[in-house]
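Have a look at data-v1.cif below; it lists mmCIF, C-alpha atoms.
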```cif
data_run
loop_
_atom_site.label_atom_id
_atom_site.label_comp_id
_atom_site.auth_asym_id
_atom_site.auth_seq_id
_atom_site.Cartn_x
_atom_site.Cartn_y
_atom_site.Cartn_z
CA MET A 1171 -41.48 31.80 -89.41
CA ALA A 1172 -38.95 34.48 -88.58
CA ILE A 1173 -38.29 37.48 -90.84
CA SER A 1174 -37.13 41.03 -90.41
CA ASN A 1175 -39.44 43.97 -90.82
CA ILE A 1176 -38.98 45.32 -94.33
CA ARG A 1177 -39.82 48.61 -95.96
CA TYR A 1178 -39.75 48.95 -99.73
CA GLY A 1179 -39.75 51.91 -102.12
CA GLU A 1180 -37.61 54.16 -104.27
CA GLY A 1181 -35.74 56.61 -102.05
CA VAL A 1182 -36.83 54.96 -98.79
CA THR A 1183 -33.22 55.20 -97.53
CA LYS A 1184 -33.77 58.85 -96.68
CA GLU A 1185 -35.89 57.72 -93.71
CA ILE A 1186 -33.02 55.91 -91.96
CA GLY A 1187 -32.03 58.93 -89.84
CA MET A 1188 -35.59 59.14 -88.50
CA ASP A 1189 -35.63 55.39 -87.80
CA LEU A 1190 -32.47 55.70 -85.72
CA GLN A 1191 -33.90 58.74 -83.93
CA ASN A 1192 -37.06 56.76 -83.17
CA LEU A 1193 -34.92 53.95 -81.74
CA GLY A 1194 -33.19 56.49 -79.48
CA ALA A 1195 -29.79 55.59 -80.97
CA ARG A 1196 -26.89 57.64 -79.57
CA ARG A 1197 -23.86 55.85 -81.07
CA VAL A 1198 -24.34 54.20 -84.43
CA CYS A 1199 -21.94 51.91 -86.28
CA LEU A 1200 -22.23 52.24 -90.08
CA MET A 1201 -20.65 49.29 -91.92
CA THR A 1202 -19.86 49.13 -95.63
CA ASP A 1203 -16.97 48.23 -97.95
CA LYS A 1204 -14.31 50.35 -99.62
CA ASN A 1205 -15.98 50.33 -103.07
CA LEU A 1206 -19.43 51.23 -101.80
CA SER A 1207 -18.19 53.94 -99.47
CA LYS A 1208 -17.81 56.20 -102.55
CA LEU A 1209 -21.15 55.28 -104.19
CA PRO A 1210 -24.69 56.75 -104.03
CA PRO A 1211 -26.21 54.22 -101.55
CA VAL A 1212 -23.76 55.14 -98.78
CA ASN A 1213 -24.14 58.81 -99.65
CA ALA A 1214 -27.91 58.56 -99.25
CA VAL A 1215 -27.46 57.03 -95.77
CA LEU A 1216 -24.85 59.63 -94.74
CA ASN A 1217 -27.14 62.49 -95.85
CA SER A 1218 -30.00 61.13 -93.75
CA LEU A 1219 -27.77 60.60 -90.69
CA ALA A 1220 -26.50 64.17 -91.00
CA LYS A 1221 -29.99 65.60 -91.49
CA TYR A 1222 -31.28 63.98 -88.29
CA GLY A 1223 -28.15 64.62 -86.23
CA ILE A 1224 -27.20 60.98 -85.72
CA ASN A 1225 -23.81 60.40 -84.11
CA PHE A 1226 -22.04 57.57 -85.98
CA GLN A 1227 -18.72 55.94 -86.75
CA ILE A 1228 -18.02 54.36 -90.13
CA TYR A 1229 -16.32 51.00 -90.67
CA ASP A 1230 -15.58 50.55 -94.39
CA ASN A 1231 -13.14 47.68 -94.11
CA VAL A 1232 -15.60 44.88 -94.84
CA ARG A 1233 -14.07 42.22 -97.10
CA VAL A 1234 -16.05 41.06 -100.13
CA GLU A 1235 -16.57 37.34 -99.36
CA PRO A 1236 -15.62 37.73 -95.67
CA THR A 1237 -13.21 35.48 -93.74
CA ASP A 1238 -13.03 34.60 -90.05
CA GLN A 1239 -10.24 37.20 -89.75
CA SER A 1240 -12.25 39.96 -91.48
CA PHE A 1241 -15.22 39.15 -89.16
CA LEU A 1242 -12.88 39.39 -86.16
CA ASP A 1243 -11.59 42.82 -87.29
CA ALA A 1244 -15.16 44.14 -87.53
CA ILE A 1245 -16.05 42.56 -84.17
CA GLN A 1246 -13.05 44.30 -82.58
CA PHE A 1247 -14.26 47.66 -83.99
CA ALA A 1248 -17.78 47.02 -82.67
CA LYS A 1249 -16.58 46.06 -79.19
CA LYS A 1250 -14.42 49.20 -78.94
CA GLY A 1251 -17.20 51.48 -80.19
CA GLU A 1252 -19.83 50.44 -77.63
CA PHE A 1253 -22.56 51.14 -80.19
CA ASP A 1254 -26.26 51.08 -79.46
CA ALA A 1255 -27.36 50.53 -83.08
CA TYR A 1256 -25.90 49.25 -86.36
CA VAL A 1257 -26.43 50.12 -90.02
CA ALA A 1258 -25.20 47.84 -92.83
CA VAL A 1259 -25.06 49.28 -96.35
CA GLY A 1260 -24.00 46.75 -98.97
CA GLY A 1261 -24.42 43.24 -100.27
CA GLY A 1262 -24.43 40.02 -98.28
CA SER A 1263 -20.79 40.42 -97.23
CA VAL A 1264 -21.50 43.72 -95.47
CA MET A 1265 -24.80 42.64 -93.90
CA ASP A 1266 -23.32 39.35 -92.66
CA THR A 1267 -20.23 41.07 -91.21
CA CYS A 1268 -22.45 43.56 -89.40
CA LYS A 1269 -24.64 40.78 -87.94
CA ALA A 1270 -21.53 39.03 -86.58
CA ALA A 1271 -20.14 42.29 -85.14
CA ASN A 1272 -23.44 43.00 -83.40
CA LEU A 1273 -23.60 39.46 -81.97
CA TYR A 1274 -20.09 39.27 -80.51
CA ALA A 1275 -20.13 42.86 -79.23
CA ALA A 1276 -23.32 41.91 -77.33
CA SER A 1277 -21.64 38.77 -75.99
CA PRO A 1278 -18.07 39.98 -75.30
CA SER A 1279 -16.96 36.96 -73.27
CA SER A 1280 -17.89 34.44 -76.02
CA GLU A 1281 -15.23 32.66 -78.05
CA PHE A 1282 -15.56 33.11 -81.81
CA LEU A 1283 -16.41 29.44 -82.40
CA ASP A 1284 -19.19 29.44 -79.77
CA TYR A 1285 -21.84 30.58 -82.24
CA VAL A 1286 -20.36 29.17 -85.48
CA ASN A 1287 -22.39 26.31 -86.96
CA ALA A 1288 -21.57 22.78 -85.82
CA PRO A 1289 -19.61 20.67 -86.58
CA ILE A 1290 -17.01 23.40 -87.31
CA GLY A 1291 -18.07 25.50 -84.31
CA LYS A 1292 -20.18 24.82 -81.22
CA GLY A 1293 -23.45 26.18 -82.66
CA LYS A 1294 -24.61 27.48 -79.27
CA PRO A 1295 -28.05 29.16 -79.11
CA VAL A 1296 -27.92 32.95 -78.81
CA THR A 1297 -29.45 34.05 -75.49
CA VAL A 1298 -28.04 37.60 -75.19
CA PRO A 1299 -30.07 40.62 -76.41
CA LEU A 1300 -28.58 42.28 -79.53
CA LYS A 1301 -28.70 45.93 -80.58
CA PRO A 1302 -31.01 47.08 -83.40
CA LEU A 1303 -29.53 46.58 -86.89
CA ILE A 1304 -30.90 48.28 -90.01
CA ALA A 1305 -29.82 46.66 -93.28
CA VAL A 1306 -29.75 48.55 -96.57
CA PRO A 1307 -29.07 46.00 -99.35
CA THR A 1308 -27.29 47.27 -102.47
CA THR A 1309 -27.31 44.00 -104.45
CA SER A 1310 -30.21 41.77 -105.45
CA GLY A 1311 -28.99 38.46 -104.21
CA THR A 1312 -28.45 37.32 -100.67
CA GLY A 1313 -31.73 38.36 -99.08
CA SER A 1314 -29.53 38.85 -96.01
CA GLU A 1315 -31.70 41.80 -94.92
CA THR A 1316 -34.40 39.29 -93.88
CA THR A 1317 -32.38 36.35 -92.51
CA GLY A 1318 -30.58 35.26 -89.37
CA VAL A 1319 -27.57 33.90 -91.24
CA ALA A 1320 -23.99 35.24 -91.60
CA ILE A 1321 -21.55 33.38 -93.87
CA PHE A 1322 -17.74 33.58 -93.93
CA ASP A 1323 -14.64 31.73 -95.20
CA PHE A 1324 -12.95 29.75 -92.45
CA LYS A 1325 -9.38 30.11 -93.73
CA GLU A 1326 -7.76 27.33 -91.74
CA LEU A 1327 -10.12 24.69 -93.20
CA LYS A 1328 -10.43 26.48 -96.59
CA VAL A 1329 -14.18 26.22 -96.38
CA LYS A 1330 -17.14 28.55 -95.95
CA THR A 1331 -19.34 28.20 -92.91
CA GLY A 1332 -21.44 30.60 -90.90
CA ILE A 1333 -23.56 31.56 -87.95
CA ALA A 1334 -27.29 30.82 -88.12
CA SER A 1335 -29.66 32.16 -85.48
CA ARG A 1336 -32.92 34.07 -85.59
CA ALA A 1337 -31.42 36.40 -82.98
CA ILE A 1338 -29.02 38.01 -85.49
CA LYS A 1339 -31.56 38.92 -88.17
CA PRO A 1340 -31.81 42.66 -88.88
CA THR A 1341 -34.46 44.68 -87.07
CA LEU A 1342 -35.39 46.37 -90.35
CA GLY A 1343 -34.45 45.97 -94.00
CA LEU A 1344 -34.74 49.11 -96.17
CA ILE A 1345 -35.23 47.82 -99.70
CA ASP A 1346 -34.55 50.78 -101.96
CA PRO A 1347 -34.44 49.82 -105.66
CA LEU A 1348 -32.47 52.99 -106.50
CA HIS A 1349 -29.41 51.29 -105.00
CA THR A 1350 -29.43 48.57 -107.63
CA LEU A 1351 -28.78 51.07 -110.42
CA SER A 1352 -25.08 51.29 -109.53
CA MET A 1353 -24.52 47.50 -109.89
CA PRO A 1354 -22.28 46.37 -112.78
CA GLU A 1355 -23.55 43.64 -115.14
CA ARG A 1356 -21.74 40.60 -113.67
CA ILE A 1357 -22.66 41.57 -110.11
CA VAL A 1358 -26.32 41.71 -111.19
CA ALA A 1359 -25.91 38.28 -112.80
CA ASN A 1360 -24.11 36.56 -109.93
CA SER A 1361 -26.32 38.01 -107.24
CA GLY A 1362 -29.37 37.04 -109.32
CA PHE A 1363 -28.14 33.44 -109.49
CA ASP A 1364 -28.14 33.39 -105.70
CA VAL A 1365 -31.83 34.39 -105.72
CA LEU A 1366 -32.52 31.66 -108.30
CA CYS A 1367 -30.87 28.96 -106.14
CA HIS A 1368 -32.39 30.25 -102.90
CA ALA A 1369 -35.83 29.84 -104.46
CA LEU A 1370 -35.15 26.46 -106.09
CA GLU A 1371 -33.40 24.93 -103.08
CA SER A 1372 -35.91 26.07 -100.47
CA TYR A 1373 -38.82 24.84 -102.63
CA THR A 1374 -37.23 21.41 -103.10
CA ALA A 1375 -35.75 21.04 -99.58
CA LEU A 1376 -36.68 18.16 -97.30
CA PRO A 1377 -40.18 18.93 -95.90
CA TYR A 1378 -40.20 20.40 -92.38
CA ASN A 1379 -42.19 17.51 -90.91
CA GLN A 1380 -39.69 14.93 -92.15
CA ARG A 1381 -36.77 16.37 -90.22
CA SER A 1382 -35.67 14.55 -87.13
CA PRO A 1383 -35.19 14.59 -84.29
CA CYS A 1384 -37.68 17.28 -83.28
CA PRO A 1385 -35.84 19.87 -81.08
CA SER A 1386 -36.37 19.30 -77.35
CA ASN A 1387 -37.02 23.03 -76.92
CA PRO A 1388 -37.97 25.75 -79.48
CA ILE A 1389 -34.71 27.63 -78.77
CA HIS A 1390 -32.85 24.73 -80.39
CA ARG A 1391 -34.99 24.77 -83.53
CA PRO A 1392 -32.65 25.73 -86.41
CA ALA A 1393 -33.25 28.74 -88.63
CA TYR A 1394 -33.39 26.28 -91.56
CA GLN A 1395 -36.37 24.02 -90.96
CA GLY A 1396 -37.11 22.39 -94.33
CA SER A 1397 -39.65 23.29 -97.00
CA ASN A 1398 -42.98 24.35 -95.53
CA PRO A 1399 -46.27 25.83 -96.73
CA VAL A 1400 -45.32 29.42 -95.87
CA SER A 1401 -41.81 29.40 -97.35
CA ASP A 1402 -43.16 27.72 -100.51
CA VAL A 1403 -45.25 30.80 -101.28
CA TRP A 1404 -42.23 33.10 -101.12
CA ALA A 1405 -39.89 30.73 -102.98
CA LEU A 1406 -42.27 30.23 -105.91
CA HIS A 1407 -43.06 33.92 -106.19
CA ALA A 1408 -39.34 34.78 -106.19
CA LEU A 1409 -38.72 32.16 -108.89
CA ARG A 1410 -41.42 33.70 -111.12
CA ILE A 1411 -39.82 37.15 -110.77
CA VAL A 1412 -36.36 35.73 -111.61
CA ALA A 1413 -37.78 34.04 -114.71
CA LYS A 1414 -39.38 37.28 -115.87
CA TYR A 1415 -36.81 39.90 -114.92
CA LEU A 1416 -33.27 38.55 -114.32
CA LYS A 1417 -32.13 38.56 -117.95
CA ARG A 1418 -33.55 42.05 -118.45
CA ALA A 1419 -31.87 43.36 -115.28
CA ILE A 1420 -28.49 42.00 -116.44
CA ARG A 1421 -28.70 43.18 -120.03
CA ASN A 1422 -29.97 46.68 -119.45
CA PRO A 1423 -28.77 48.68 -116.44
CA GLU A 1424 -31.38 51.35 -117.30
CA ASP A 1425 -34.27 48.87 -116.94
CA ARG A 1426 -35.54 50.20 -113.62
CA GLU A 1427 -38.57 47.90 -113.57
CA ALA A 1428 -36.40 44.78 -113.91
CA ARG A 1429 -33.83 45.92 -111.35
CA ALA A 1430 -36.53 46.96 -108.84
CA ASN A 1431 -38.27 43.60 -109.20
CA MET A 1432 -35.03 41.64 -108.73
CA HIS A 1433 -34.37 43.68 -105.57
CA LEU A 1434 -37.75 42.55 -104.24
CA ALA A 1435 -37.19 38.96 -105.43
CA SER A 1436 -34.00 38.86 -103.36
CA ALA A 1437 -35.96 39.71 -100.19
CA PHE A 1438 -38.81 37.32 -101.09
CA ALA A 1439 -36.40 34.43 -101.66
CA GLY A 1440 -34.68 35.43 -98.39
CA ILE A 1441 -37.95 35.00 -96.51
CA GLY A 1442 -38.34 31.59 -98.18
CA PHE A 1443 -34.87 30.16 -97.63
CA GLY A 1444 -34.32 32.01 -94.34
CA ASN A 1445 -36.93 29.65 -92.89
CA ALA A 1446 -36.90 26.59 -95.17
CA GLY A 1447 -33.16 26.54 -95.78
CA VAL A 1448 -31.05 25.68 -98.81
CA HIS A 1449 -29.38 22.36 -99.59
CA LEU A 1450 -26.79 20.91 -101.98
CA CYS A 1451 -26.02 23.84 -104.33
CA HIS A 1452 -25.13 25.90 -101.28
CA GLY A 1453 -23.42 23.07 -99.38
CA MET A 1454 -21.18 22.38 -102.38
CA SER A 1455 -20.59 26.08 -103.10
CA TYR A 1456 -18.73 26.70 -99.85
CA PRO A 1457 -15.60 24.71 -100.78
CA ILE A 1458 -15.83 26.03 -104.39
CA SER A 1459 -15.41 29.53 -102.91
CA GLY A 1460 -13.03 28.48 -100.14
CA LEU A 1461 -10.54 26.63 -102.35
CA VAL A 1462 -10.35 29.33 -105.06
CA LYS A 1463 -6.93 29.50 -106.74
CA THR A 1464 -6.45 32.42 -109.11
CA TYR A 1465 -9.96 33.17 -110.41
CA LYS A 1466 -10.87 36.86 -110.49
CA PRO A 1467 -14.37 37.68 -111.75
CA LYS A 1468 -15.16 40.49 -114.18
CA ASP A 1469 -16.70 43.66 -112.65
CA TYR A 1470 -15.45 42.95 -109.10
CA ASN A 1471 -12.95 45.52 -107.85
CA VAL A 1472 -11.02 43.29 -105.42
CA ASP A 1473 -7.35 42.60 -104.68
CA HIS A 1474 -7.82 38.88 -103.96
CA SER A 1475 -8.98 35.84 -105.93
CA LEU A 1476 -12.61 35.03 -105.34
CA VAL A 1477 -15.52 33.08 -106.75
CA PRO A 1478 -18.63 35.24 -106.26
CA HIS A 1479 -21.10 33.41 -104.04
CA GLY A 1480 -23.95 33.30 -106.59
CA LEU A 1481 -21.63 31.87 -109.25
CA SER A 1482 -20.27 29.18 -106.91
CA VAL A 1483 -23.85 28.16 -106.13
CA VAL A 1484 -25.35 28.11 -109.61
CA LEU A 1485 -22.61 26.13 -111.39
CA THR A 1486 -23.64 22.89 -109.65
CA SER A 1487 -27.38 23.50 -110.04
CA PRO A 1488 -27.96 21.39 -113.21
CA ALA A 1489 -26.22 18.38 -111.63
CA VAL A 1490 -27.84 18.88 -108.22
CA PHE A 1491 -31.44 19.10 -109.43
CA ALA A 1492 -30.99 16.17 -111.79
CA PHE A 1493 -29.91 14.26 -108.66
CA THR A 1494 -32.60 15.46 -106.20
CA ALA A 1495 -35.57 15.19 -108.59
CA GLN A 1496 -36.14 11.52 -107.74
CA ILE A 1497 -37.82 12.89 -104.62
CA HIS A 1498 -40.72 15.30 -105.32
CA PRO A 1499 -40.27 15.25 -109.11
CA GLU A 1500 -43.48 17.28 -109.49
CA ARG A 1501 -41.83 20.24 -107.69
CA HIS A 1502 -38.79 20.04 -109.98
CA LEU A 1503 -41.08 19.96 -113.03
CA GLU A 1504 -43.07 22.94 -111.77
CA ALA A 1505 -39.82 24.91 -111.32
CA ALA A 1506 -38.71 23.99 -114.87
CA GLU A 1507 -42.03 25.26 -116.23
CA ILE A 1508 -41.72 28.58 -114.36
CA LEU A 1509 -38.23 28.97 -115.87
CA GLY A 1510 -39.62 28.51 -119.39
CA ALA A 1511 -39.66 24.76 -120.12
CA ASP A 1512 -42.55 23.35 -122.14
CA ILE A 1513 -43.75 20.46 -119.97
CA ARG A 1514 -46.97 19.59 -121.82
CA THR A 1515 -45.64 16.22 -122.96
CA ALA A 1516 -43.08 15.74 -120.15
CA ARG A 1517 -42.89 12.51 -118.19
CA ILE A 1518 -42.65 12.92 -114.45
CA LYS A 1519 -39.60 10.64 -114.28
CA ASP A 1520 -37.72 13.08 -116.54
CA ALA A 1521 -38.29 16.05 -114.20
CA GLY A 1522 -34.65 16.28 -113.09
CA LEU A 1523 -33.23 16.20 -116.62
CA ILE A 1524 -35.77 18.77 -117.81
CA LEU A 1525 -34.93 21.17 -114.96
CA ALA A 1526 -31.17 20.60 -115.50
CA ASP A 1527 -31.47 21.37 -119.24
CA THR A 1528 -33.59 24.46 -118.51
CA LEU A 1529 -30.96 25.75 -116.09
CA ARG A 1530 -28.12 25.04 -118.54
CA LYS A 1531 -29.89 26.99 -121.28
CA PHE A 1532 -30.56 29.85 -118.85
CA LEU A 1533 -26.87 30.04 -117.87
CA PHE A 1534 -25.64 29.68 -121.45
CA ASP A 1535 -27.85 32.61 -122.54
CA LEU A 1536 -26.20 34.73 -119.85
CA ASN A 1537 -22.57 33.89 -120.78
CA VAL A 1538 -21.87 32.07 -117.54
CA ASP A 1539 -18.46 30.37 -117.22
CA ASP A 1540 -18.52 26.81 -118.56
CA GLY A 1541 -18.50 24.93 -115.26
CA LEU A 1542 -15.94 24.54 -112.49
CA ALA A 1543 -13.14 23.87 -115.00
CA ALA A 1544 -13.48 27.49 -116.18
CA LEU A 1545 -12.79 28.59 -112.59
CA GLY A 1546 -9.52 26.64 -112.51
CA TYR A 1547 -10.71 23.34 -111.00
CA SER A 1548 -9.98 19.88 -112.36
CA LYS A 1549 -10.79 16.27 -111.47
CA ALA A 1550 -7.77 16.27 -109.16
CA ASP A 1551 -9.57 18.83 -106.93
CA ILE A 1552 -12.71 16.73 -106.43
CA PRO A 1553 -11.56 14.96 -103.21
CA ALA A 1554 -10.80 18.35 -101.59
CA LEU A 1555 -14.14 19.77 -102.78
CA VAL A 1556 -15.99 16.77 -101.32
CA LYS A 1557 -14.05 17.06 -98.05
CA GLY A 1558 -15.09 20.72 -97.82
CA THR A 1559 -18.75 19.83 -98.40
CA LEU A 1560 -18.98 17.15 -95.70
CA PRO A 1561 -18.98 19.55 -92.69
CA GLN A 1562 -21.87 21.58 -94.24
CA GLU A 1563 -24.47 19.41 -92.56
CA ARG A 1564 -26.58 22.42 -91.65
CA VAL A 1565 -27.59 22.55 -95.33
CA THR A 1566 -26.66 19.20 -96.90
CA LYS A 1567 -29.03 17.40 -94.52
CA LEU A 1568 -31.86 19.46 -96.00
CA SER A 1569 -31.38 17.81 -99.40
CA PRO A 1570 -34.53 15.79 -100.15
CA ARG A 1571 -32.24 12.95 -101.24
CA PRO A 1572 -29.43 11.83 -98.89
CA GLN A 1573 -25.98 11.73 -100.52
CA THR A 1574 -22.83 9.67 -100.05
CA GLU A 1575 -19.27 10.87 -100.65
CA GLU A 1576 -19.43 9.04 -104.01
CA ASP A 1577 -22.60 10.98 -104.90
CA LEU A 1578 -20.88 14.27 -104.09
CA SER A 1579 -17.84 13.29 -106.20
CA ALA A 1580 -20.14 12.52 -109.13
CA LEU A 1581 -21.97 15.84 -108.73
CA PHE A 1582 -18.70 17.82 -108.74
CA GLU A 1583 -17.50 15.86 -111.75
CA ALA A 1584 -20.75 16.54 -113.62
CA SER A 1585 -20.32 20.26 -112.85
CA MET A 1586 -16.81 20.57 -114.34
CA LYS A 1587 -18.33 21.42 -117.73
CA LEU A 1588 -21.91 22.58 -118.30
CA TYR A 1589 -22.37 23.01 -122.04
#
```
Would it be possible to restate this file's structure as structure tokens?
Amino acid sequence: MAISNIRYGEGVTKEIGMDLQNLGARRVCLMTDKNLSKLPPVNAVLNSLAKYGINFQIYDNVRVEPTDQSFLDAIQFAKKGEFDAYVAVGGGSVMDTCKAANLYAASPSSEFLDYVNAPIGKGKPVTVPLKPLIAVPTTSGTGSETTGVAIFDFKELKVKTGIASRAIKPTLGLIDPLHTLSMPERIVANSGFDVLCHALESYTALPYNQRSPCPSNPIHRPAYQGSNPVSDVWALHALRIVAKYLKRAIRNPEDREARANMHLASAFAGIGFGNAGVHLCHGMSYPISGLVKTYKPKDYNVDHSLVPHGLSVVLTSPAVFAFTAQIHPERHLEAAEILGADIRTARIKDAGLILADTLRKFLFDLNVDDGLAALGYSKADIPALVKGTLPQERVTKLSPRPQTEEDLSALFEASMKLY
């Protein structure tokens, strides 16, 4: 199990200046995005850095849903700055960009594709020491403050991929629920769907002892190892919090209890999936995001079309879990019960349909777009969506049920409309 150190509590961000002082940091890189740079979370960090006399440079050019080019821009900044510590204030996009910048600045002679997941990149193990990175999450979704994963859009292939290595996980995650109070409704919803799928996918992933071949050396063991007894604890607990608090957190921005709990659930699910891994919802989501045409989501202040990550993941979830439930149906049924299904008279062979219906009802209650068609996709796009899923072996091979290209086509088709 590999996780970052985490510290939780309202207002805990004010300690970041002391943390950097304790690390002996002389030149700090603070990464965020243009929207956040004007909001309270970044202000809280800046106040603490000023109070403790920390010398820093700010990079606020992070792209929401990063690309290989936006990663390269941040890497260039990091290499020039010769920093001895990093701070990331933002959602998954900011934390992932900062992880990549830290990695390539520490390994200046590496080519970009050296560390990118195979088969798109070379997937080399990271053997260089990285600088300390403190992550301050401002959304309740990615759990990126606890994981060694950094995801981006690879523009040339129109597909999302990433870098996965324990070496890039943050040194410390400061989980401050005050930061979630500035999140607009749809950002709360979409980031919450990511938590939901992280928990569901890691709990239903192929068990760790069924993966093969066993790595010849622990350094080659992937960050995503399959469901296991430790990750299961975190995944189930995160799922219970989502069931209890997500709707409240979306519907009432003043509900501090709900927003604080979702912030914790994000980290808990991160600990779960950061070690167990995710599978088909995530594998299929990468081309859904990468092939976006004109879709612009409500509440996102961006100048480019994008499908928010949590939305691209959750829209296939009813179809995916109906498909995977043949294997470990009891886990699928347990998840459905946590999410509110009455399973007293349920038959185990119906587990997938019950979980799919429960998810559909959950999404319908929260006004989620009616499937991929509502994002501008049609049947004609299915071959391209399947083609973009095939290279995602890092996650698709963690599905408890192996899938053919025909299976993937059927899953995309079933996800065109949900209700």
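Comparing A:Pro1478, A:Pro1467, A:Pro1572, A:Gly1251 by their smallest distance to A:Ala1375, the closest is A:Pro1572 (using all atoms listed in the file).
Between atom CA of A:Arg1233 and atom CA of A:Ser1436 the separation is 21.2 Å.
Here atom CA of A:Phe1493 and atom CA of A:Glu1235 stand 28.2 Å from one another.
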Next item on the list: Identify all residues satisfying the PyMOL selection byres ((chain A and resi 1405-1408) around 9) in the given file; provide them as an NGL selection string.
Entry: :A and (1365-1366 or 1368-1373 or 1401-1404 or 1409-1413 or 1432 or 1434-1443 or 1505 or 1508)
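The smallest atom-to-atom distance between A:Pro1354 and any of A:Ser1240, A:Asn1217, A:Thr1312, A:Asn1471, using all atoms listed in the file, is found for A:Asn1471.
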Since I can't run it myself right now, could you work out what the PyMOL selection byres ((chain A and resi 1519-1527) around 9) selects here and report it as a short mmCIF file (atom, residue, chain, number, x, y, z; two decimals) with C-alpha atoms, in the frame of the given file?
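Result saved to expr36.cif:
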```
data_model
loop_
_atom_site.label_atom_id
_atom_site.label_comp_id
_atom_site.auth_asym_id
_atom_site.auth_seq_id
_atom_site.Cartn_x
_atom_site.Cartn_y
_atom_site.Cartn_z
CA SER A 1487 -27.38 23.50 -110.04
CA PRO A 1488 -27.96 21.39 -113.21
CA ALA A 1489 -26.22 18.38 -111.63
CA VAL A 1490 -27.84 18.88 -108.22
CA PHE A 1491 -31.44 19.10 -109.43
CA ALA A 1492 -30.99 16.17 -111.79
CA PHE A 1493 -29.91 14.26 -108.66
CA THR A 1494 -32.60 15.46 -106.20
CA ALA A 1495 -35.57 15.19 -108.59
CA GLN A 1496 -36.14 11.52 -107.74
CA PRO A 1499 -40.27 15.25 -109.11
CA GLU A 1500 -43.48 17.28 -109.49
CA ARG A 1501 -41.83 20.24 -107.69
CA HIS A 1502 -38.79 20.04 -109.98
CA LEU A 1503 -41.08 19.96 -113.03
CA GLU A 1504 -43.07 22.94 -111.77
CA ALA A 1505 -39.82 24.91 -111.32
CA ALA A 1506 -38.71 23.99 -114.87
CA GLU A 1507 -42.03 25.26 -116.23
CA LEU A 1509 -38.23 28.97 -115.87
CA ALA A 1511 -39.66 24.76 -120.12
CA ILE A 1513 -43.75 20.46 -119.97
CA ALA A 1516 -43.08 15.74 -120.15
CA ARG A 1517 -42.89 12.51 -118.19
CA ILE A 1518 -42.65 12.92 -114.45
CA THR A 1528 -33.59 24.46 -118.51
CA LEU A 1529 -30.96 25.75 -116.09
CA ARG A 1530 -28.12 25.04 -118.54
CA LYS A 1531 -29.89 26.99 -121.28
CA PHE A 1532 -30.56 29.85 -118.85
#
```
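Distance-wise, atom CA of A:Leu1588 and atom CA of A:Lys1567 end up 25.4 Å apart.
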Next item on the list: Specify as JSON, numbers by chain each residue included when the PyMOL selection byres ((chain A and resi 1350) around 8) is applied to this file.
Entry: {"A": [1308, 1309, 1310, 1346, 1347, 1348, 1349, 1351, 1352, 1353, 1429, 1430, 1433]}
Next item on the list: Point out the residue among A:Ile1357, A:Val1212, A:Ile1224, A:Leu1273 with the least atom-to-atom distance to A:Val1286, counting all atoms listed in the file.
Entry: A:Leu1273
